[in-house]
Amino acid sequence: VLYWLQLLGVAAFAISGVEASRGKSPDIVGAFVLAFATALGGGVIRDAILGRPAHAFGDANTLFAIVSATLVAMWLPGAVHRRIGSPLRVADAIGLGLFNATGMVTALESGVVTPAFAVVLGAITGSGGGIIRDVLCGVMPALLRPGEVYITACLAGGAAGLLARALGGSMEVTGVTIAAVTIALRLLAIRFDWKLAPFHRDEV
Amino acid sequence: VLYWLQLLGVAAFAISGVEASRGKSPDIVGAFVLAFATALGGGVIRDAILGRPAHAFGDANTLFAIVSATLVAMWLPGAVHRRIGSPLRVADAIGLGLFNATGMVTALESGVVTPAFAVVLGAITGSGGGIIRDVLCGVMPALLRPGEVYITACLAGGAAGLLARALGGSMEVTGVTIAAVTIALRLLAIRFDWKLAPFHRDEV
Amino acid sequence: VLYWLQLLGVAAFAISGVEASRGKSPDIVGAFVLAFATALGGGVIRDAILGRPAHAFGDANTLFAIVSATLVAMWLPGAVHRRIGSPLRVADAIGLGLFNATGMVTALESGVVTPAFAVVLGAITGSGGGIIRDVLCGVMPALLRPGEVYITACLAGGAAGLLARALGGSMEVTGVTIAAVTIALRLLAIRFDWKLAPFHRDEV
């Protein structure tokens with residue numbers, strides 16, 4: 001089940017790559033490049049930091065999920081397209097939570113990363129793809145612009161995971177905790193339009 | 001012979017890095033940084049994905065090729081400079097094909113990458129440097145802008161390579177096939193000004 | 001002592017990440033992301049090129065240095081803030097020199113990198129974080145803009161290190177030489193406002 005949910009997340013990330021490319025009117029190859037970069041970027045950075053081969057490149061289903069999601073996103077009729085914004089954000093939130101959980105659990109199990117850095121690595125796994133997508137589009141990453149509760153959701157999920165482990169939870173419990181908190185916080189933030197305030201100093 | 005052709009490709013990539021920097025009037029060190037990033041970027045990403053040390057950093061000739069190409073590109077008189085655009089694009093196409101072939105063959109031999117992802121990895125090896133170059137210049141990568149048959153040539157070469165292997169070809173045959181198809185398609189696209197159309201939906 | 005100086009450099013790099021984000025008015029999480037990327041980016045690229053796990057992610061003190069420096073940088077009163085520009089640049093220069101030295105020594109000891117490429121790798125370790133910071137902010141990296149003696153200081157320090165080794169110096173002597181030359185050149189360049197000229201050809 002987890003594996004298929006994760007493929008759903010990969011597909012959602014790929015679609016967000018295609019969506020990001022719309023304003024730039026790329027050709028089909030450019031759209032594919034952005035889809036791959038968004039779907040795989042976070043995991044590739046995580047595995048590079050852990051000093052191991054990129055896990056996703058050994059899984060044929062991942063490639064299939066990216067390619068089919070990209071084709072669907074490119075040729076969907078406008079009427080359908082306007083209605084999938086909301087399901088898409090739910091799928092993206094699920095992907096974020098699962099990427100964050102697998103990234104952090106992988107980091108904890110690797111033995112080369114301290115627990116607090118494992119939280120950072122989970123957030124990188126979840127949000128790295130979206131950041132690379134925006135850098136490739138030549139804009140400041142949306143995830144770094146004020147307000148969006150996205151990386152924040154990853155960090156909160158990671159903190160919950162550390163707590164679960166401190167209370168004696170197994171790796172499975174830890175992973176489920178991370179994913180659940182991340183997804184819940186992200187969906188609540190979308191639903192109730194929660195934003196983080198920019199930080200202020202007494203003058204700028 | 002292959003090795004020397006590849007050094008030619010490295011040199012062509014380095015020169016394209018210097019060319020890209022012209023409008024920004026960088027100093028000599030900035031020009032060198034762009035030359036190195038363009039020439040080595042694709043191979044470094046490939047090796048990071050495969051979880052191994054970057055191959056190029058162990059080869060002194062590669063460094064020599066980059067440094068001498070960069071110096072030539074910086075101090076070439078304008079009269080000569082205006083005439084090398086065409087040979088330069090041929091050298092770049094050769095570099096692209098060879099990088100694509102070595103990237104994909106390395107990926108196939110590594111055993112950690114599925115065949116379809118090996119095609120992706122070849123394209124990353126060939127075009128990663130150019131993408132990093134443009135990101136460092138603060139512009140949307142030319143390779144992602146509509147039309148240019150560049151990454152497309154890599155993917156077509158990679159598909160031809162998969163076909164060669166499916167027909168029982170050895171790794172050498174596969175590599176030569178990849179390089180030949182990539183270079184031929186790239187040169188034909190330049191010669192006849194082939195472009196990919198932006199993809200359209202019924203409304204934007 | 002070296003270790004603590006290096007933590008000082010990490011902190012200075014993190015603060016420069018926060019400073020860079022000011023004009024974009026990010027929220028607190030965005031500021032943290034830029035601080036982490038600036039402080040860790042160079043070392044992560046170095047370790048990825050060497051094919052090993054990122055060293056910094058295994059050290060809890062590094063995380064502590066980044067987090068505390070970021071918090072201080074965000075909430076410092078304006079009056080204090082205006083006065084730390086100069087000490088901050090000194091700390092940044094120290095960090096640059098130490099990162100350059102450790103990056104190059106690590107590369108020399110790894111055995112997978114030629115000596116000349118070890119100089120390049122030292123410069124990447126020292127300046128990679130600042131380049132990633134600016135890419136994430138959507139601007140052309142300051143280090144690539146004309147004039148700043150920053151990467152130049154790394155390369156000069158690296159050349160001095162190669163000389164020290166050629167004269168029979170131990171790894172320790174080599175490292176100290178690299179750091180000393182880099183820091184001295186960087187501080188002198190700030191003090192006397194040394195700039196590199198853009199390179200010119202007879203026409204542009």
# chains A, B, ... in the order shown; residues from 1 in each chain; ligands from 1
>>> interface_residues(of="chain A", to="chain B", cutoff="9 Å", atoms="only C-alpha atoms", output="ChimeraX atom specification")
/A:22-31,33-34,44-45,47-48,51-60,63,74-78,135-139
>>> write_last_selection(atoms="N, CA, C and O atoms", output="compact mmCIF listing (two decimals), in the first residue's frame")
# COMPACT_ATOMS: atom_id res chain seq x y z
N ARG A 22 3.87 25.52 -17.74
CA ARG A 22 2.88 26.03 -18.67
C ARG A 22 3.16 27.45 -19.15
O ARG A 22 3.15 27.74 -20.33
N GLY A 23 3.41 28.36 -18.19
CA GLY A 23 3.61 29.76 -18.56
C GLY A 23 4.80 29.96 -19.48
O GLY A 23 4.89 30.97 -20.17
N LYS A 24 5.73 28.99 -19.49
CA LYS A 24 6.93 29.13 -20.31
C LYS A 24 6.75 28.49 -21.68
O LYS A 24 7.69 28.46 -22.48
N SER A 25 5.58 27.93 -21.93
CA SER A 25 5.29 27.19 -23.17
C SER A 25 6.46 26.36 -23.69
O SER A 25 6.97 26.61 -24.77
N PRO A 26 6.89 25.37 -22.91
CA PRO A 26 7.98 24.52 -23.36
C PRO A 26 7.44 23.50 -24.36
O PRO A 26 6.22 23.33 -24.49
N ASP A 27 8.34 22.84 -25.04
CA ASP A 27 7.91 21.72 -25.88
C ASP A 27 7.73 20.49 -24.98
O ASP A 27 7.92 20.55 -23.76
N ILE A 28 7.37 19.38 -25.58
CA ILE A 28 7.05 18.18 -24.80
C ILE A 28 8.27 17.67 -24.03
O ILE A 28 8.15 17.21 -22.90
N VAL A 29 9.47 17.82 -24.63
CA VAL A 29 10.66 17.33 -23.94
C VAL A 29 10.95 18.19 -22.71
O VAL A 29 11.29 17.68 -21.63
N GLY A 30 10.79 19.51 -22.84
CA GLY A 30 10.98 20.39 -21.70
C GLY A 30 10.02 20.07 -20.57
O GLY A 30 10.39 20.08 -19.38
N ALA A 31 8.78 19.77 -20.93
CA ALA A 31 7.78 19.41 -19.91
C ALA A 31 8.19 18.13 -19.20
O ALA A 31 8.08 18.02 -17.97
N VAL A 33 11.27 17.00 -18.85
CA VAL A 33 12.44 17.28 -18.00
C VAL A 33 12.00 17.86 -16.67
O VAL A 33 12.46 17.43 -15.60
N LEU A 34 11.06 18.81 -16.72
CA LEU A 34 10.59 19.41 -15.46
C LEU A 34 9.83 18.38 -14.61
O LEU A 34 9.94 18.39 -13.38
N VAL A 44 16.99 12.24 -5.13
CA VAL A 44 18.36 12.20 -5.64
C VAL A 44 19.30 12.96 -4.70
O VAL A 44 20.39 12.47 -4.37
N ILE A 45 18.88 14.14 -4.24
CA ILE A 45 19.72 14.90 -3.31
C ILE A 45 19.91 14.10 -2.02
O ILE A 45 21.02 14.02 -1.49
N ASP A 47 19.86 10.85 -1.55
CA ASP A 47 20.77 9.73 -1.72
C ASP A 47 22.21 10.20 -1.95
O ASP A 47 23.15 9.53 -1.51
N ALA A 48 22.37 11.35 -2.62
CA ALA A 48 23.72 11.89 -2.80
C ALA A 48 24.32 12.26 -1.44
O ALA A 48 25.49 12.00 -1.18
N GLY A 51 25.46 9.31 0.25
CA GLY A 51 26.57 8.63 -0.42
C GLY A 51 26.19 7.32 -1.05
O GLY A 51 27.01 6.39 -1.13
N ARG A 52 24.98 7.19 -1.54
CA ARG A 52 24.54 5.94 -2.16
C ARG A 52 23.90 6.23 -3.52
O ARG A 52 23.51 7.37 -3.80
N PRO A 53 23.76 5.18 -4.36
CA PRO A 53 23.11 5.39 -5.65
C PRO A 53 21.66 5.85 -5.47
O PRO A 53 21.01 5.48 -4.48
N ALA A 54 21.16 6.64 -6.42
CA ALA A 54 19.80 7.14 -6.33
C ALA A 54 18.82 5.99 -6.46
O ALA A 54 18.78 5.30 -7.48
N HIS A 55 18.02 5.82 -5.42
CA HIS A 55 17.13 4.67 -5.32
C HIS A 55 16.11 4.64 -6.45
O HIS A 55 15.84 3.58 -7.04
N ALA A 56 15.54 5.79 -6.78
CA ALA A 56 14.44 5.84 -7.75
C ALA A 56 14.85 5.33 -9.13
O ALA A 56 14.03 4.79 -9.87
N PHE A 57 16.15 5.48 -9.47
CA PHE A 57 16.59 5.09 -10.81
C PHE A 57 16.62 3.58 -11.01
O PHE A 57 16.84 3.10 -12.13
N GLY A 58 16.42 2.84 -9.95
CA GLY A 58 16.39 1.39 -10.08
C GLY A 58 14.97 0.82 -10.11
O GLY A 58 14.79 -0.39 -10.11
N ASP A 59 13.99 1.70 -10.15
CA ASP A 59 12.60 1.22 -10.05
C ASP A 59 11.81 1.62 -11.30
O ASP A 59 11.50 2.79 -11.52
N ALA A 60 11.47 0.62 -12.12
CA ALA A 60 10.81 0.90 -13.40
C ALA A 60 9.41 1.50 -13.22
O ALA A 60 8.97 2.31 -14.04
N LEU A 63 9.45 5.32 -13.11
CA LEU A 63 9.53 5.93 -14.44
C LEU A 63 8.18 5.89 -15.12
O LEU A 63 7.74 6.89 -15.71
N MET A 74 -0.34 16.80 -19.78
CA MET A 74 -0.18 17.63 -20.98
C MET A 74 -1.41 17.63 -21.85
O MET A 74 -1.74 18.63 -22.46
N TRP A 75 -2.12 16.51 -21.90
CA TRP A 75 -3.20 16.42 -22.88
C TRP A 75 -4.60 16.39 -22.28
O TRP A 75 -5.57 16.14 -22.97
N LEU A 76 -4.65 16.69 -20.99
CA LEU A 76 -5.96 16.73 -20.36
C LEU A 76 -6.78 17.90 -20.93
O LEU A 76 -6.28 19.00 -21.05
N PRO A 77 -8.05 17.68 -21.25
CA PRO A 77 -8.88 18.79 -21.72
C PRO A 77 -9.03 19.83 -20.63
O PRO A 77 -9.00 19.50 -19.43
N GLY A 78 -9.19 21.09 -21.04
CA GLY A 78 -9.26 22.20 -20.09
C GLY A 78 -10.36 22.03 -19.06
O GLY A 78 -10.18 22.36 -17.88
N VAL A 135 13.81 26.50 -9.70
CA VAL A 135 15.11 27.01 -10.14
C VAL A 135 15.25 26.81 -11.66
O VAL A 135 15.70 27.70 -12.38
N LEU A 136 14.81 25.65 -12.17
CA LEU A 136 14.90 25.39 -13.61
C LEU A 136 13.98 26.32 -14.40
O LEU A 136 14.26 26.64 -15.56
N CYS A 137 12.89 26.76 -13.79
CA CYS A 137 11.99 27.71 -14.46
C CYS A 137 12.50 29.14 -14.32
O CYS A 137 11.88 30.08 -14.84
N GLY A 138 13.61 29.33 -13.61
CA GLY A 138 14.19 30.67 -13.50
C GLY A 138 13.45 31.58 -12.56
O GLY A 138 13.53 32.80 -12.68
N VAL A 139 12.71 31.03 -11.59
CA VAL A 139 12.03 31.87 -10.61
C VAL A 139 12.49 31.48 -9.21
O VAL A 139 12.98 30.38 -8.99
>>> atom_distance(atom1="CA of Ala69 in chain C", atom2="CA of Leu96 in chain C")
16.7 Å
>>> closest_residue(among="A:Leu5, A:Ala65, A:Ala37, A:Ala156", to="Gly95 in chain A", atoms="only C-alpha atoms")
A:Leu5
>>> select_by_dssp(residues="range 10-172 of chain A", states="alpha helix (DSSP H)", output="MDAnalysis selection string")
chainID A and resid 10:21 28:50 60:75 78:81 85:110 115:136 151:166 171:172
>>> residues_around(residues="Leu98 in chain C", least_positions_apart="6", cutoff="12 Å", atoms="only C-alpha atoms", output="PyMOL selection string")
chain C and resi 1-10+43+91-92+104-106+122-123+125-127+153-154+157-158+174-184
>>> write_last_selection(atoms="N, CA and C atoms", output="compact mmCIF listing (two decimals), in the first residue's frame")
# COMPACT_ATOMS: atom_id res chain seq x y z
N VAL C 1 41.11 23.39 18.03
CA VAL C 1 40.99 24.81 17.64
C VAL C 1 40.45 24.91 16.22
N LEU C 2 41.02 24.10 15.33
CA LEU C 2 40.58 24.11 13.93
C LEU C 2 39.09 23.84 13.83
N TYR C 3 38.66 22.85 14.61
CA TYR C 3 37.25 22.45 14.57
C TYR C 3 36.34 23.61 14.98
N TRP C 4 36.74 24.33 16.02
CA TRP C 4 35.90 25.43 16.49
C TRP C 4 35.93 26.59 15.52
N LEU C 5 37.09 26.84 14.93
CA LEU C 5 37.16 27.89 13.90
C LEU C 5 36.23 27.56 12.75
N GLN C 6 36.18 26.26 12.41
CA GLN C 6 35.34 25.85 11.30
C GLN C 6 33.85 26.04 11.63
N LEU C 7 33.49 25.76 12.88
CA LEU C 7 32.11 26.03 13.29
C LEU C 7 31.80 27.52 13.19
N LEU C 8 32.79 28.35 13.52
CA LEU C 8 32.62 29.81 13.35
C LEU C 8 32.34 30.13 11.89
N GLY C 9 33.09 29.47 11.00
CA GLY C 9 32.85 29.69 9.56
C GLY C 9 31.47 29.24 9.14
N VAL C 10 31.03 28.08 9.64
CA VAL C 10 29.68 27.59 9.35
C VAL C 10 28.64 28.63 9.79
N GLY C 43 30.19 21.86 1.10
CA GLY C 43 30.67 20.57 1.59
C GLY C 43 29.89 19.40 1.02
N ALA C 91 34.72 36.76 9.81
CA ALA C 91 34.34 35.37 10.09
C ALA C 91 34.10 34.60 8.79
N ASP C 92 33.47 35.27 7.82
CA ASP C 92 33.22 34.62 6.53
C ASP C 92 34.54 34.28 5.84
N MET C 104 40.27 20.80 0.06
CA MET C 104 41.39 20.39 -0.79
C MET C 104 42.17 19.24 -0.15
N VAL C 105 42.39 19.31 1.16
CA VAL C 105 43.10 18.22 1.84
C VAL C 105 42.31 16.92 1.74
N THR C 106 40.98 17.00 1.97
CA THR C 106 40.14 15.81 1.83
C THR C 106 40.26 15.23 0.42
N GLY C 122 38.61 22.30 -3.59
CA GLY C 122 38.69 23.20 -2.44
C GLY C 122 37.86 24.46 -2.68
N ALA C 123 37.98 25.01 -3.88
CA ALA C 123 37.22 26.23 -4.21
C ALA C 123 35.72 25.96 -4.21
N THR C 125 34.23 23.70 -2.34
CA THR C 125 33.85 23.57 -0.94
C THR C 125 33.67 24.96 -0.31
N GLY C 126 34.58 25.87 -0.64
CA GLY C 126 34.52 27.20 -0.03
C GLY C 126 33.40 28.06 -0.58
N SER C 127 33.14 27.97 -1.88
CA SER C 127 32.23 28.94 -2.49
C SER C 127 30.90 28.32 -2.93
N ALA C 153 40.58 33.94 -4.24
CA ALA C 153 41.36 33.70 -3.02
C ALA C 153 41.50 32.20 -2.77
N CYS C 154 40.40 31.45 -3.05
CA CYS C 154 40.46 29.98 -2.88
C CYS C 154 41.52 29.38 -3.81
N GLY C 157 45.01 30.21 -2.69
CA GLY C 157 45.35 29.37 -1.54
C GLY C 157 45.64 27.94 -1.95
N GLY C 158 44.84 27.43 -2.88
CA GLY C 158 45.07 26.07 -3.36
C GLY C 158 46.40 25.94 -4.07
N THR C 174 50.41 21.65 4.52
CA THR C 174 49.67 22.02 3.32
C THR C 174 48.36 22.70 3.69
N GLY C 175 47.62 22.09 4.62
CA GLY C 175 46.33 22.64 5.01
C GLY C 175 46.45 24.03 5.60
N VAL C 176 47.44 24.20 6.49
CA VAL C 176 47.62 25.51 7.12
C VAL C 176 48.00 26.55 6.06
N THR C 177 48.86 26.15 5.12
CA THR C 177 49.26 27.08 4.05
C THR C 177 48.04 27.53 3.25
N ILE C 178 47.21 26.55 2.85
CA ILE C 178 46.01 26.89 2.06
C ILE C 178 45.14 27.89 2.81
N ALA C 179 44.85 27.56 4.07
CA ALA C 179 43.95 28.41 4.84
C ALA C 179 44.54 29.80 5.03
N ALA C 180 45.83 29.86 5.35
CA ALA C 180 46.46 31.15 5.65
C ALA C 180 46.46 32.05 4.42
N VAL C 181 46.86 31.50 3.27
CA VAL C 181 46.92 32.32 2.05
C VAL C 181 45.52 32.79 1.65
N THR C 182 44.54 31.86 1.74
CA THR C 182 43.18 32.21 1.36
C THR C 182 42.63 33.33 2.23
N ILE C 183 42.77 33.15 3.54
CA ILE C 183 42.22 34.15 4.47
C ILE C 183 42.93 35.49 4.29
N ALA C 184 44.27 35.45 4.19
CA ALA C 184 45.02 36.70 4.06
C ALA C 184 44.61 37.43 2.78
